[in-house]
Amino acid sequence: MKNLYFARKRVLLLVSLLFGSMSSLFAQQEVMYSQYMFNTLALNPAYAGSRDVLSLTAVGRYQWMQSIDGAPRTHSFTLDMPIRNEKMGIGLIAYNDAIGVAANTGINLAYSYRFKLGAKTTMALGVQPTYSNVSQKLSEVKNLDITEAVFANDITSNLFNAGMGLYLSNDKAFFSFSVPQIIEQKYGTSDSAKGKIRRHYFAMAGIVIGKGNVKVKPSVMMRYSGGSNMGFDLNANVWFKDKIAVGVSGRKSQTALYGQDFVDAIVGMFEVQLTPQLRL
């Protein structure tokens, strides 16, 4: 138990050092969602109103809940709806993303303009103003051998930004491209604890294969930010009678873990359309 305690403290210290002690931080900063295909508005404002009804989505994401103090945890809530005879869409995204002593809390507003490309295909262009609070409670990071704090000062920054996106869809396929935060901003006040918001690019695409009672829906997401490698998710869901779906996804991270570059996550998915208005 003692070894586990010190392992937890080392992980917390390591995470905090990664976030707080580098002269310039260029890491994955946008919230990562394993089931991004169910939460597209959180990554692309052009998705607002695409379901043609008022839509609300809540997501909770937790990692290593039983084993590590300061483990990653994410909460998000999105709301969107069409307006003006479904030619426009509006939405709201609220989220909190935390790991160790670092947290990123924000709220975005989304607006999309939609127009037809042919009889069944719709293109939407979206924009979003964003607000985020980036905080790092460095004073809570303790030395493993003594009780003194490793850093003296906490960091908190309030950042205003803007994002944009494109969403192309019909009843058989979709394509999405977005940049949630366009402006690259610096945050932090100390030379030993400065960070920078990097511009992230997201591209998603999916297709529906099959008819009748069984359909397969493969999709892919690619993400890139300056200073890191390309990351991507590949997944496929199998739908039965448009009521129940099971799926699997694999992720290649943007970072190389332990000097290796490999698929670092396998995700299982189960979905139930409980009613025409409620999905779990």
# chains A, B, ... in the order shown; residues from 1 in each chain; ligands from 1
>>> select_by_dssp(residues="region 24-242 of chain A", states="helix (DSSP H, G or I)", output="VMD selection string")
chain A and resid 36 to 38 40 to 42 45 to 47 138 to 140
>>> closest_atom_pairs(of="region 70-128 of chain A", to="region 34-41 of chain A", cutoff="12 Å", atoms="only C-alpha atoms", output="JSON lines")
{"residue": "A:Thr74", "atom": "CA", "partner": "A:Ser34", "partner_atom": "CA", "distance": 11.1}
{"residue": "A:His75", "atom": "CA", "partner": "A:Asn39", "partner_atom": "CA", "distance": 11.8}
{"residue": "A:Ser76", "atom": "CA", "partner": "A:Asn39", "partner_atom": "CA", "distance": 9.2}
{"residue": "A:Phe77", "atom": "CA", "partner": "A:Asn39", "partner_atom": "CA", "distance": 9.2}
{"residue": "A:Thr78", "atom": "CA", "partner": "A:Leu41", "partner_atom": "CA", "distance": 7.0}
{"residue": "A:Leu79", "atom": "CA", "partner": "A:Leu41", "partner_atom": "CA", "distance": 8.4}
{"residue": "A:Asp80", "atom": "CA", "partner": "A:Leu41", "partner_atom": "CA", "distance": 8.1}
{"residue": "A:Met81", "atom": "CA", "partner": "A:Leu41", "partner_atom": "CA", "distance": 11.1}
{"residue": "A:Gly89", "atom": "CA", "partner": "A:Leu41", "partner_atom": "CA", "distance": 11.1}
{"residue": "A:Ile90", "atom": "CA", "partner": "A:Leu41", "partner_atom": "CA", "distance": 10.4}
{"residue": "A:Gly91", "atom": "CA", "partner": "A:Leu41", "partner_atom": "CA", "distance": 8.0}
{"residue": "A:Leu92", "atom": "CA", "partner": "A:Leu41", "partner_atom": "CA", "distance": 8.6}
{"residue": "A:Ile93", "atom": "CA", "partner": "A:Leu41", "partner_atom": "CA", "distance": 7.5}
{"residue": "A:Ala94", "atom": "CA", "partner": "A:Leu41", "partner_atom": "CA", "distance": 10.8}
{"residue": "A:Tyr95", "atom": "CA", "partner": "A:Leu41", "partner_atom": "CA", "distance": 11.9}
{"residue": "A:Asn108", "atom": "CA", "partner": "A:Leu41", "partner_atom": "CA", "distance": 10.1}
{"residue": "A:Leu109", "atom": "CA", "partner": "A:Leu41", "partner_atom": "CA", "distance": 10.3}
{"residue": "A:Ala110", "atom": "CA", "partner": "A:Leu41", "partner_atom": "CA", "distance": 8.4}
{"residue": "A:Tyr111", "atom": "CA", "partner": "A:Leu41", "partner_atom": "CA", "distance": 10.6}
{"residue": "A:Ser112", "atom": "CA", "partner": "A:Leu41", "partner_atom": "CA", "distance": 10.8}
{"residue": "A:Gly126", "atom": "CA", "partner": "A:Leu41", "partner_atom": "CA", "distance": 10.3}
{"residue": "A:Val127", "atom": "CA", "partner": "A:Leu41", "partner_atom": "CA", "distance": 11.3}
{"residue": "A:Gln128", "atom": "CA", "partner": "A:Leu41", "partner_atom": "CA", "distance": 10.6}
>>> residues_around(residues="Met88 (chain A)", least_positions_apart="4", cutoff="8 Å", atoms="only C-alpha atoms", output="mmCIF file with all heavy atoms, in the first residue's frame")
data_model
loop_
_atom_site.group_PDB
_atom_site.id
_atom_site.type_symbol
_atom_site.label_atom_id
_atom_site.label_comp_id
_atom_site.auth_asym_id
_atom_site.auth_seq_id
_atom_site.Cartn_x
_atom_site.Cartn_y
_atom_site.Cartn_z
ATOM 1 N N GLY A 49 -27.871 22.148 -34.810
ATOM 2 C CA GLY A 49 -29.122 22.079 -35.545
ATOM 3 C C GLY A 49 -29.212 20.962 -36.554
ATOM 4 O O GLY A 49 -30.240 20.820 -37.230
ATOM 5 N N PRO A 82 -32.371 23.668 -34.296
ATOM 6 C CA PRO A 82 -32.475 24.440 -35.531
ATOM 7 C C PRO A 82 -33.372 25.659 -35.325
ATOM 8 O O PRO A 82 -34.260 25.669 -34.470
ATOM 9 C CB PRO A 82 -33.110 23.447 -36.506
ATOM 10 C CG PRO A 82 -33.946 22.575 -35.631
ATOM 11 C CD PRO A 82 -33.216 22.463 -34.320
ATOM 12 N N ILE A 83 -33.161 26.693 -36.132
ATOM 13 C CA ILE A 83 -34.013 27.873 -36.123
ATOM 14 C C ILE A 83 -34.220 28.326 -37.569
ATOM 15 O O ILE A 83 -33.538 27.844 -38.489
ATOM 16 C CB ILE A 83 -33.410 29.028 -35.290
ATOM 17 C CG1 ILE A 83 -32.039 29.428 -35.818
ATOM 18 C CG2 ILE A 83 -33.317 28.641 -33.817
ATOM 19 C CD1 ILE A 83 -31.441 30.648 -35.144
ATOM 20 N N ARG A 84 -35.150 29.248 -37.773
ATOM 21 C CA ARG A 84 -35.424 29.833 -39.083
ATOM 22 C C ARG A 84 -35.675 28.747 -40.136
ATOM 23 O O ARG A 84 -34.968 28.648 -41.135
ATOM 24 C CB ARG A 84 -34.281 30.743 -39.515
ATOM 25 C CG ARG A 84 -34.073 31.963 -38.635
ATOM 26 C CD ARG A 84 -35.248 32.937 -38.749
ATOM 27 N NE ARG A 84 -35.067 34.116 -37.919
ATOM 28 C CZ ARG A 84 -34.479 35.237 -38.334
ATOM 29 N NH1 ARG A 84 -33.985 35.300 -39.561
ATOM 30 N NH2 ARG A 84 -34.367 36.264 -37.528
ATOM 31 N N TYR A 111 -23.056 28.734 -33.631
ATOM 32 C CA TYR A 111 -24.021 29.178 -34.635
ATOM 33 C C TYR A 111 -23.654 28.533 -35.967
ATOM 34 O O TYR A 111 -22.471 28.494 -36.352
ATOM 35 C CB TYR A 111 -24.004 30.696 -34.795
ATOM 36 C CG TYR A 111 -24.764 31.177 -36.021
ATOM 37 C CD1 TYR A 111 -26.151 31.306 -35.990
ATOM 38 C CD2 TYR A 111 -24.084 31.467 -37.208
ATOM 39 C CE1 TYR A 111 -26.849 31.727 -37.114
ATOM 40 C CE2 TYR A 111 -24.783 31.891 -38.340
ATOM 41 C CZ TYR A 111 -26.167 32.011 -38.280
ATOM 42 O OH TYR A 111 -26.855 32.407 -39.396
ATOM 43 N N SER A 112 -24.652 28.003 -36.670
ATOM 44 C CA SER A 112 -24.397 27.400 -37.974
ATOM 45 C C SER A 112 -25.396 27.925 -38.995
ATOM 46 O O SER A 112 -26.546 28.239 -38.661
ATOM 47 C CB SER A 112 -24.495 25.872 -37.894
ATOM 48 O OG SER A 112 -25.839 25.459 -37.656
ATOM 49 N N TYR A 113 -24.938 28.008 -40.225
ATOM 50 C CA TYR A 113 -25.813 28.343 -41.352
ATOM 51 C C TYR A 113 -25.800 27.155 -42.296
ATOM 52 O O TYR A 113 -24.738 26.676 -42.709
ATOM 53 C CB TYR A 113 -25.348 29.600 -42.065
ATOM 54 C CG TYR A 113 -26.262 29.988 -43.209
ATOM 55 C CD1 TYR A 113 -27.441 30.663 -42.959
ATOM 56 C CD2 TYR A 113 -25.945 29.647 -44.531
ATOM 57 C CE1 TYR A 113 -28.298 31.015 -43.995
ATOM 58 C CE2 TYR A 113 -26.795 29.985 -45.565
ATOM 59 C CZ TYR A 113 -27.978 30.669 -45.299
ATOM 60 O OH TYR A 113 -28.822 30.988 -46.319
ATOM 61 N N ARG A 114 -26.995 26.673 -42.670
ATOM 62 C CA ARG A 114 -27.129 25.440 -43.429
ATOM 63 C C ARG A 114 -27.761 25.707 -44.793
ATOM 64 O O ARG A 114 -28.677 26.517 -44.913
ATOM 65 C CB ARG A 114 -27.981 24.443 -42.634
ATOM 66 C CG ARG A 114 -27.501 24.243 -41.199
ATOM 67 C CD ARG A 114 -28.533 23.522 -40.357
ATOM 68 N NE ARG A 114 -28.707 22.155 -40.829
ATOM 69 C CZ ARG A 114 -29.783 21.420 -40.544
ATOM 70 N NH1 ARG A 114 -30.781 21.930 -39.851
ATOM 71 N NH2 ARG A 114 -29.869 20.176 -41.002
#
>>> closest_residue(among="A:Ile209, A:Leu168, A:Ala203, A:Val31", to="Lys116 (chain A)", atoms="only C-alpha atoms")
A:Leu168
>>> atom_distance(atom1="CA of Asn96 (chain A)", atom2="CA of Tyr131 (chain A)")
11.9 Å
>>> residues_around(residues="Gly247 (chain A)", least_positions_apart="6", cutoff="10 Å", atoms="only C-alpha atoms", output="PyMOL selection string")
chain A and resi 216-218+235-239+267-271
>>> write_last_selection(atoms="N, CA, C and O atoms", output="short mmCIF file (atom, residue, chain, number, x, y, z; two decimals), in the first residue's frame")
data_model
loop_
_atom_site.label_atom_id
_atom_site.label_comp_id
_atom_site.auth_asym_id
_atom_site.auth_seq_id
_atom_site.Cartn_x
_atom_site.Cartn_y
_atom_site.Cartn_z
N VAL A 216 -23.97 -1.25 -40.74
CA VAL A 216 -22.64 -1.01 -40.18
C VAL A 216 -22.27 0.45 -40.42
O VAL A 216 -22.42 0.97 -41.54
N LYS A 217 -21.79 1.10 -39.37
CA LYS A 217 -21.43 2.52 -39.47
C LYS A 217 -19.97 2.72 -39.06
O LYS A 217 -19.67 2.99 -37.90
N PRO A 218 -19.03 2.57 -40.01
CA PRO A 218 -17.63 2.87 -39.70
C PRO A 218 -17.37 4.38 -39.77
O PRO A 218 -18.03 5.10 -40.53
N ASN A 235 -13.25 3.49 -35.80
CA ASN A 235 -14.27 2.73 -35.09
C ASN A 235 -15.36 2.25 -36.05
O ASN A 235 -15.51 2.74 -37.17
N ALA A 236 -16.14 1.28 -35.58
CA ALA A 236 -17.28 0.76 -36.34
C ALA A 236 -18.37 0.36 -35.37
O ALA A 236 -18.10 -0.27 -34.33
N ASN A 237 -19.60 0.76 -35.67
CA ASN A 237 -20.78 0.36 -34.91
C ASN A 237 -21.68 -0.49 -35.79
O ASN A 237 -21.88 -0.17 -36.97
N VAL A 238 -22.24 -1.52 -35.22
CA VAL A 238 -23.20 -2.37 -35.93
C VAL A 238 -24.57 -2.15 -35.30
O VAL A 238 -24.75 -2.36 -34.09
N TRP A 239 -25.52 -1.72 -36.13
CA TRP A 239 -26.88 -1.42 -35.66
C TRP A 239 -27.83 -2.56 -36.01
O TRP A 239 -27.78 -3.11 -37.11
N VAL A 267 -11.64 0.90 -27.32
CA VAL A 267 -12.88 1.37 -26.71
C VAL A 267 -14.03 0.47 -27.15
O VAL A 267 -14.18 0.19 -28.34
N GLY A 268 -14.82 0.01 -26.20
CA GLY A 268 -16.03 -0.73 -26.50
C GLY A 268 -17.24 0.19 -26.37
O GLY A 268 -17.27 1.07 -25.51
N MET A 269 -18.23 0.01 -27.24
CA MET A 269 -19.41 0.89 -27.24
C MET A 269 -20.70 0.07 -27.30
O MET A 269 -20.76 -0.95 -27.98
N PHE A 270 -21.68 0.53 -26.56
CA PHE A 270 -23.00 -0.08 -26.57
C PHE A 270 -24.03 1.04 -26.54
O PHE A 270 -23.95 1.94 -25.71
N GLU A 271 -24.98 1.00 -27.45
CA GLU A 271 -25.94 2.09 -27.61
C GLU A 271 -27.35 1.53 -27.74
O GLU A 271 -27.58 0.52 -28.42
#
>>> atom_distance(atom1="CA of Val246 (chain A)", atom2="CA of Asp264 (chain A)")
20.6 Å
>>> residues_around(residues="Ile197 (chain A)", least_positions_apart="4", cutoff="7 Å", atoms="only C-alpha atoms", output="NGL selection string")
:A and (184-186)
>>> write_last_selection(atoms="N, CA, C and O atoms", output="compact mmCIF listing (two decimals), in the first residue's frame")
# COMPACT_ATOMS: atom_id res chain seq x y z
N GLU A 184 -3.97 31.37 -31.14
CA GLU A 184 -3.00 30.74 -30.25
C GLU A 184 -2.60 31.75 -29.17
O GLU A 184 -1.99 32.78 -29.48
N GLN A 185 -2.95 31.43 -27.93
CA GLN A 185 -2.76 32.38 -26.84
C GLN A 185 -1.80 31.83 -25.79
O GLN A 185 -1.77 30.62 -25.53
N LYS A 186 -1.07 32.70 -25.17
CA LYS A 186 -0.22 32.34 -24.05
C LYS A 186 -0.99 32.51 -22.75
O LYS A 186 -1.86 33.37 -22.63
>>> residues_around(residues="Arg73 (chain A)", least_positions_apart="6", cutoff="8 Å", atoms="only C-alpha atoms", output="ChimeraX atom specification")
/A:60-63,97-99
>>> write_last_selection(atoms="N, CA and C atoms", output="short mmCIF file (atom, residue, chain, number, x, y, z; two decimals), in the first residue's frame")
data_model
loop_
_atom_site.label_atom_id
_atom_site.label_comp_id
_atom_site.auth_asym_id
_atom_site.auth_seq_id
_atom_site.Cartn_x
_atom_site.Cartn_y
_atom_site.Cartn_z
N GLY A 60 -19.93 11.97 -19.33
CA GLY A 60 -18.97 11.90 -18.23
C GLY A 60 -17.88 10.92 -18.60
N ARG A 61 -16.64 11.30 -18.41
CA ARG A 61 -15.51 10.44 -18.79
C ARG A 61 -14.53 10.38 -17.63
N TYR A 62 -14.17 9.14 -17.23
CA TYR A 62 -13.29 8.94 -16.08
C TYR A 62 -12.25 7.88 -16.42
N GLN A 63 -11.02 8.11 -15.99
CA GLN A 63 -9.95 7.15 -16.21
C GLN A 63 -9.28 6.80 -14.88
N ASP A 97 -12.56 19.80 -17.88
CA ASP A 97 -11.58 18.76 -18.17
C ASP A 97 -10.44 18.91 -17.18
N ALA A 98 -10.14 17.86 -16.42
CA ALA A 98 -9.15 17.98 -15.36
C ALA A 98 -8.23 16.77 -15.32
N ILE A 99 -6.97 17.01 -14.97
CA ILE A 99 -6.00 15.96 -14.72
C ILE A 99 -4.99 16.48 -13.71
#
>>> select_by_dssp(residues="region 20-187 of chain A", states="strand (DSSP E or B)", output="number ranges by chain")
A: 55-62, 73-83, 88-99, 102-116, 122-136, 142, 149, 155-169, 173-179, 186-187
>>> residues_around(residues="Asn133 (chain A)", least_positions_apart="3", cutoff="9 Å", atoms="only C-alpha atoms", output="PyMOL selection string")
chain A and resi 103-106+156-159
>>> atom_distance(atom1="CA of Val59 (chain A)", atom2="CA of Asn213 (chain A)")
28.2 Å
